[in-house]
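**Student:** Hey, dropping query23.tsv in here, TSV, C-alpha atoms:
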```tsv
chain	number	residue	atom	x	y	z
S	1	MET	CA	16.75	6.20	-6.51
S	2	LYS	CA	18.62	3.98	-4.13
S	3	PRO	CA	16.34	1.67	-2.08
S	4	VAL	CA	16.13	2.21	1.67
S	5	HIS	CA	15.12	-0.35	4.30
S	6	VAL	CA	11.62	0.17	5.74
S	7	THR	CA	12.97	0.53	9.27
S	8	VAL	CA	14.22	4.04	8.38
S	9	LEU	CA	10.68	5.11	9.43
S	10	ASN	CA	11.34	4.08	13.06
S	11	ASP	CA	10.88	6.97	15.49
S	12	GLN	CA	9.77	9.30	12.67
S	13	SER	CA	6.48	11.20	12.84
S	14	ILE	CA	4.25	10.31	9.88
S	15	ILE	CA	1.90	13.18	8.97
S	16	ARG	CA	0.43	12.04	5.64
S	17	TRP	CA	-0.14	8.98	3.47
S	18	ILE	CA	-0.87	9.19	-0.30
S	19	ALA	CA	-1.33	5.99	-2.33
S	20	THR	CA	-1.90	4.79	-5.83
S	21	GLU	CA	-4.69	2.33	-5.19
S	22	MET	CA	-5.33	-0.55	-7.59
S	23	ALA	CA	-8.81	-2.00	-8.05
S	24	LEU	CA	-9.50	-5.61	-7.09
S	25	SER	CA	-11.34	-6.22	-10.35
S	26	ASP	CA	-11.61	-4.36	-13.62
S	27	SER	CA	-14.90	-6.11	-14.43
S	28	SER	CA	-13.25	-7.94	-17.34
S	29	LEU	CA	-14.84	-11.17	-16.09
S	30	GLY	CA	-18.34	-9.76	-16.13
S	31	GLU	CA	-20.49	-6.77	-16.80
S	32	GLY	CA	-20.16	-5.25	-13.34
S	33	PRO	CA	-18.33	-2.06	-12.32
S	34	ILE	CA	-14.70	-1.77	-11.28
S	35	LEU	CA	-14.42	-3.13	-7.72
S	36	TRP	CA	-12.29	-1.24	-5.23
S	37	GLU	CA	-13.36	-3.38	-2.29
S	38	HIS	CA	-15.14	-6.65	-1.61
S	39	PRO	CA	-16.32	-8.19	1.71
S	40	SER	CA	-14.07	-11.23	1.14
S	41	VAL	CA	-10.90	-9.11	0.77
S	42	PRO	CA	-9.87	-7.45	4.06
S	43	PHE	CA	-7.19	-5.30	2.38
S	44	LEU	CA	-6.64	-2.07	0.51
S	45	GLN	CA	-4.52	-2.84	-2.57
S	46	CYS	CA	-1.87	-0.30	-3.64
S	47	THR	CA	0.94	-0.12	-6.18
S	48	GLY	CA	2.84	2.43	-4.09
S	49	ILE	CA	2.39	4.50	-0.95
S	50	ASP	CA	3.97	7.92	-0.34
S	51	ILE	CA	4.69	8.62	3.32
S	52	GLN	CA	5.34	12.20	4.40
S	53	LEU	CA	7.22	12.81	7.64
S	54	GLN	CA	6.99	15.79	9.95
S	55	ASN	CA	10.62	16.69	9.18
S	56	GLY	CA	9.66	17.19	5.49
S	57	SER	CA	11.08	13.92	4.19
S	58	VAL	CA	8.98	11.86	1.79
S	59	TYR	CA	9.42	8.16	1.10
S	60	ARG	CA	7.62	5.93	-1.39
S	61	MET	CA	6.93	2.38	-0.25
S	62	LEU	CA	7.09	-0.13	-3.08
S	63	SER	CA	7.13	-3.89	-3.47
S	64	GLN	CA	9.25	-5.73	-5.97
S	65	LEU	CA	9.95	-9.23	-7.12
S	66	ASP	CA	13.59	-10.26	-7.52
S	67	ASP	CA	14.29	-8.79	-10.95
S	68	GLY	CA	17.76	-7.43	-10.23
S	69	ASN	CA	16.64	-3.78	-10.43
S	70	THR	CA	16.08	-2.93	-6.77
S	71	GLY	CA	19.60	-3.05	-5.37
S	72	GLY	CA	19.02	-6.42	-3.74
S	73	TYR	CA	15.67	-5.51	-2.17
S	74	ILE	CA	12.81	-7.94	-2.60
S	75	GLY	CA	9.35	-7.32	-1.20
S	76	LEU	CA	8.76	-4.05	0.65
S	77	TYR	CA	11.29	-1.22	0.51
S	78	LEU	CA	11.40	2.59	0.42
S	79	THR	CA	12.80	5.19	-1.95
S	80	ALA	CA	13.38	8.82	-0.99
S	81	ARG	CA	11.32	11.37	-2.96
S	82	GLU	CA	11.56	15.10	-3.46
S	83	VAL	CA	7.79	15.66	-3.25
S	84	ILE	CA	4.71	13.68	-2.28
S	85	ASP	CA	2.23	12.62	-4.96
S	86	THR	CA	-0.83	14.80	-5.37
S	87	PRO	CA	-4.23	13.16	-5.06
S	88	CYS	CA	-6.09	13.40	-8.34
S	89	SER	CA	-9.67	12.90	-9.37
S	90	PHE	CA	-10.74	9.43	-10.35
S	91	GLU	CA	-10.57	8.79	-14.10
S	92	ALA	CA	-13.60	6.79	-15.25
S	93	GLY	CA	-12.66	3.28	-16.31
S	94	SER	CA	-9.19	3.31	-14.74
S	95	ILE	CA	-8.20	0.59	-12.29
S	96	TYR	CA	-5.84	3.07	-10.57
S	97	ARG	CA	-6.55	6.12	-8.45
S	98	THR	CA	-4.22	8.31	-6.42
S	99	ARG	CA	-5.71	9.47	-3.15
S	100	GLU	CA	-4.88	10.54	0.37
S	101	LEU	CA	-5.21	7.67	2.82
S	102	SER	CA	-6.79	9.73	5.57
S	103	GLU	CA	-8.06	6.49	7.09
S	104	LEU	CA	-4.49	5.56	8.11
S	105	PRO	CA	-3.25	6.83	11.47
S	106	VAL	CA	-0.54	9.45	11.85
S	107	GLY	CA	2.01	9.87	14.59
S	108	VAL	CA	5.43	8.60	15.66
S	109	ALA	CA	6.10	5.30	13.91
S	110	THR	CA	7.50	2.08	15.25
S	111	VAL	CA	8.26	-0.35	12.42
S	112	THR	CA	8.49	-4.08	12.98
S	113	VAL	CA	9.43	-6.48	10.21
S	114	THR	CA	7.02	-9.35	10.88
S	115	GLU	CA	7.93	-11.57	7.90
S	116	SER	CA	11.23	-11.67	6.04
S	117	ASP	CA	13.56	-14.02	4.28
S	118	GLY	CA	16.88	-12.32	4.78
S	119	GLN	CA	18.05	-8.77	5.54
S	120	ASN	CA	16.67	-7.15	2.37
S	121	THR	CA	13.70	-9.42	1.72
S	122	VAL	CA	10.76	-7.97	3.63
S	123	SER	CA	7.38	-9.64	3.06
S	124	ARG	CA	5.37	-7.93	5.79
S	125	ILE	CA	5.73	-5.03	8.20
S	126	ASP	CA	3.69	-3.50	10.98
S	127	ILE	CA	3.87	0.26	11.47
S	128	VAL	CA	2.46	1.30	14.82
S	129	ASP	CA	1.62	4.98	15.01
S	130	GLY	CA	-1.06	6.86	16.83
S	131	GLY	CA	-1.70	3.69	18.86
S	132	ARG	CA	-2.94	1.79	15.79
S	133	THR	CA	-1.22	-0.79	13.60
S	134	VAL	CA	-0.83	-0.39	9.84
S	135	SER	CA	0.14	-3.76	8.32
S	136	CYS	CA	1.66	-3.88	4.84
S	137	TRP	CA	2.19	-7.08	2.83
S	138	ALA	CA	4.14	-7.63	-0.37
S	139	ALA	CA	1.18	-9.35	-2.02
S	140	GLU	CA	-1.55	-8.91	-4.63
S	141	VAL	CA	-5.22	-9.78	-5.02
S	142	ASP	CA	-6.18	-11.72	-8.14
S	143	GLU	CA	-9.68	-12.34	-9.38
S	144	ARG	CA	-10.48	-15.95	-10.25
S	145	ALA	CA	-12.66	-16.99	-13.20
S	146	ASP	CA	-15.59	-17.61	-10.84
S	147	GLY	CA	-15.42	-14.03	-9.50
S	148	SER	CA	-13.83	-14.96	-6.16
S	149	PHE	CA	-10.48	-13.56	-5.08
S	150	ASN	CA	-7.10	-15.08	-4.30
S	151	ILE	CA	-4.22	-13.48	-2.36
S	152	ASN	CA	-0.79	-14.00	-3.97
S	153	VAL	CA	1.85	-13.50	-1.29
S	154	GLY	CA	5.23	-12.19	-2.42
S	155	ASP	CA	3.92	-10.08	-5.29
S	156	GLU	CA	4.55	-6.54	-6.54
S	157	SER	CA	1.56	-4.82	-4.94
S	158	ILE	CA	1.11	-3.73	-1.32
S	159	LEU	CA	-1.87	-4.94	0.68
S	160	VAL	CA	-2.76	-2.70	3.63
S	161	GLN	CA	-4.77	-3.23	6.81
S	162	VAL	CA	-5.33	-1.12	9.92
S	163	ASP	CA	-5.74	-3.13	13.10
S	164	ARG	CA	-6.28	-6.26	10.95
S	165	LEU	CA	-9.16	-4.71	8.98
S	166	ARG	CA	-9.45	-3.10	5.57
S	167	PRO	CA	-9.12	0.65	6.07
S	168	ALA	CA	-12.49	2.33	5.54
S	169	HIS	CA	-12.77	5.55	3.57
S	170	LEU	CA	-15.44	7.73	2.08
S	171	SER	CA	-15.49	6.07	-1.33
S	172	SER	CA	-18.19	8.35	-2.77
S	173	GLU	CA	-15.59	11.12	-2.98
S	174	TRP	CA	-13.54	9.04	-5.41
S	175	GLU	CA	-15.97	6.96	-7.41
```
Could you render the structure as structure tokens?
**Tutor:**
Amino acid sequence: MKPVHVTVLNDQSIIRWIATEMALSDSSLGEGPILWEHPSVPFLQCTGIDIQLQNGSVYRMLSQLDDGNTGGYIGLYLTAREVIDTPCSFEAGSIYRTRELSELPVGVATVTVTESDGQNTVSRIDIVDGGRTVSCWAAEVDERADGSFNINVGDESILVQVDRLRPAHLSSEWE
């Protein structure tokens, strides 16, 4: 699929968000459980986010390093999709889960590229819809040997906040 610039969402009505969420830690450094959130990490970490529009269009937001396979796009970009992903039940032991992001606002979107390094290199965007701001970063959370976390900016994952906070959800449904 040909990449599309994130600003294609401007003035479009977002009605649904579905994401493949990636855990912050797979407990490989200790005996603890897989961690989906931690008080020191104010982000939701995703590998991709499907965005469904009121007009029926679906886009997948992705983040990519410069590997020559994204048509010149680095960081955040969109691809058009035929259908939106379907949320699925959490598979025990997996560091990935696909779920509806009902904690993200819906409504008519205004997209602002807040960090970029050229026309097709988008590091961060703000999507204002429903009066709230969804911020997306091309970045990833890494666990350090001591169990603390580090944010790597310019990576292949997408870190998400709503109004500068980690979106809250009913985790018991998925864990």
**Student:** Could you work out how far CA of Cys88 in chain S lies from CA of Lys2 in chain S, giving the answer in Å with one decimal?
**Tutor:**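 Pair CA of Lys2 in chain S / CA of Cys88 in chain S returns 26.8 Å.
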**Student:** What residues have an atom no more than 6 Å from (-7.7, 2.8, -7.1) in the file's own frame, counting all atoms listed in the file, and can you write them as a ChimeraX atom specification?
**Tutor:** /S:21-23,95-97
**Student:** What is the distance, in Å and to one decimal place, between CA of Pro3 in chain S and CA of Gly56 in chain S?
**Tutor:**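 It comes out at 18.5 Å.
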**Student:** For the contact check between range 35-85 of chain S and range 103-118 of chain S, emit one row per residue of range 35-85 of chain S within 10 Å, containing the shortest atom pair and the distance in Å rounded to one decimal, counting all atoms listed in the file, chain then rising number order, as JSON lines.
**Tutor:**
```
{"residue": "S:Gln52", "atom": "CA", "partner": "S:Val106", "partner_atom": "CA", "distance": 9.9}
{"residue": "S:Leu53", "atom": "CA", "partner": "S:Gly107", "partner_atom": "CA", "distance": 9.2}
{"residue": "S:Gln54", "atom": "CA", "partner": "S:Gly107", "partner_atom": "CA", "distance": 9.0}
{"residue": "S:Tyr73", "atom": "CA", "partner": "S:Gly118", "partner_atom": "CA", "distance": 9.8}
{"residue": "S:Ile74", "atom": "CA", "partner": "S:Asp117", "partner_atom": "CA", "distance": 9.2}
{"residue": "S:Gly75", "atom": "CA", "partner": "S:Ser116", "partner_atom": "CA", "distance": 8.7}
{"residue": "S:Leu76", "atom": "CA", "partner": "S:Ser116", "partner_atom": "CA", "distance": 9.7}
```
**Student:** Generate the output file for the selected residues, C-alpha atoms, as a PDB file, in the coordinates of the input.
**Tutor:**
```pdb
ATOM      1  CA  GLN S  52       5.340  12.200   4.400  1.00  0.00           C
ATOM      2  CA  LEU S  53       7.220  12.810   7.640  1.00  0.00           C
ATOM      3  CA  GLN S  54       6.990  15.790   9.950  1.00  0.00           C
ATOM      4  CA  TYR S  73      15.670  -5.510  -2.170  1.00  0.00           C
ATOM      5  CA  ILE S  74      12.810  -7.940  -2.600  1.00  0.00           C
ATOM      6  CA  GLY S  75       9.350  -7.320  -1.200  1.00  0.00           C
ATOM      7  CA  LEU S  76       8.760  -4.050   0.650  1.00  0.00           C
TER       8      LEU S  76
END
```
**Student:** Please provide the set of residues having any atom within 8 Å of Asp85 in chain S, restricted to all atoms listed in the file, with same-chain residues fewer than 3 positions apart removed, written as a tab-separated table (two decimals) with C-alpha atoms, in the frame of the given file.
**Tutor:**
```
chain	number	residue	atom	x	y	z
S	18	ILE	CA	-0.87	9.19	-0.30
S	19	ALA	CA	-1.33	5.99	-2.33
S	50	ASP	CA	3.97	7.92	-0.34
S	98	THR	CA	-4.22	8.31	-6.42
```
**Student:** Please provide the set of residues having any atom within 10 Å of range 31-42 of chain S, restricted to all atoms listed in the file, with same-chain residues fewer than 2 positions apart removed, written as a PyMOL selection string.
**Tutor:** chain S and resi 21-29+44-45+92-97+141+148-151+159-162+164-168+171+175
**Student:** Using only C-alpha atoms, can you tell me which of S:Val134, S:Cys46, S:Arg99, S:Ser63 comes closest to Ile14 in chain S?
**Tutor:**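 Residue with the minimum atom-to-atom distance to Ile14 in chain S: S:Val134.
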**Student:** S:Ile49, S:Arg81, S:Leu62, S:Phe43: which is nearest Glu156 in chain S, counting only C-alpha atoms?
**Tutor:**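 Selected residue with least distance to Glu156 in chain S: S:Leu62.
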**Student:** If you measure from CA of Glu140 in chain S to CA of Ser157 in chain S, what distance in Å do you get, rounded to one decimal?
**Tutor:**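 The value is 5.1 Å.
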**Student:** My list of candidates is S:Val58, S:Leu101, S:His5, S:Thr79. Which is closest to Thr121 in chain S when distances are computed with all atoms listed in the file?
**Tutor:** S:His5
**Student:** From the options S:Ala138, S:Ala80, S:Ile125, S:Val8, which residue's atoms come nearest to Asn152 in chain S, counting only C-alpha atoms?
**Tutor:**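 For Asn152 in chain S, the nearest of the given residues is S:Ala138.
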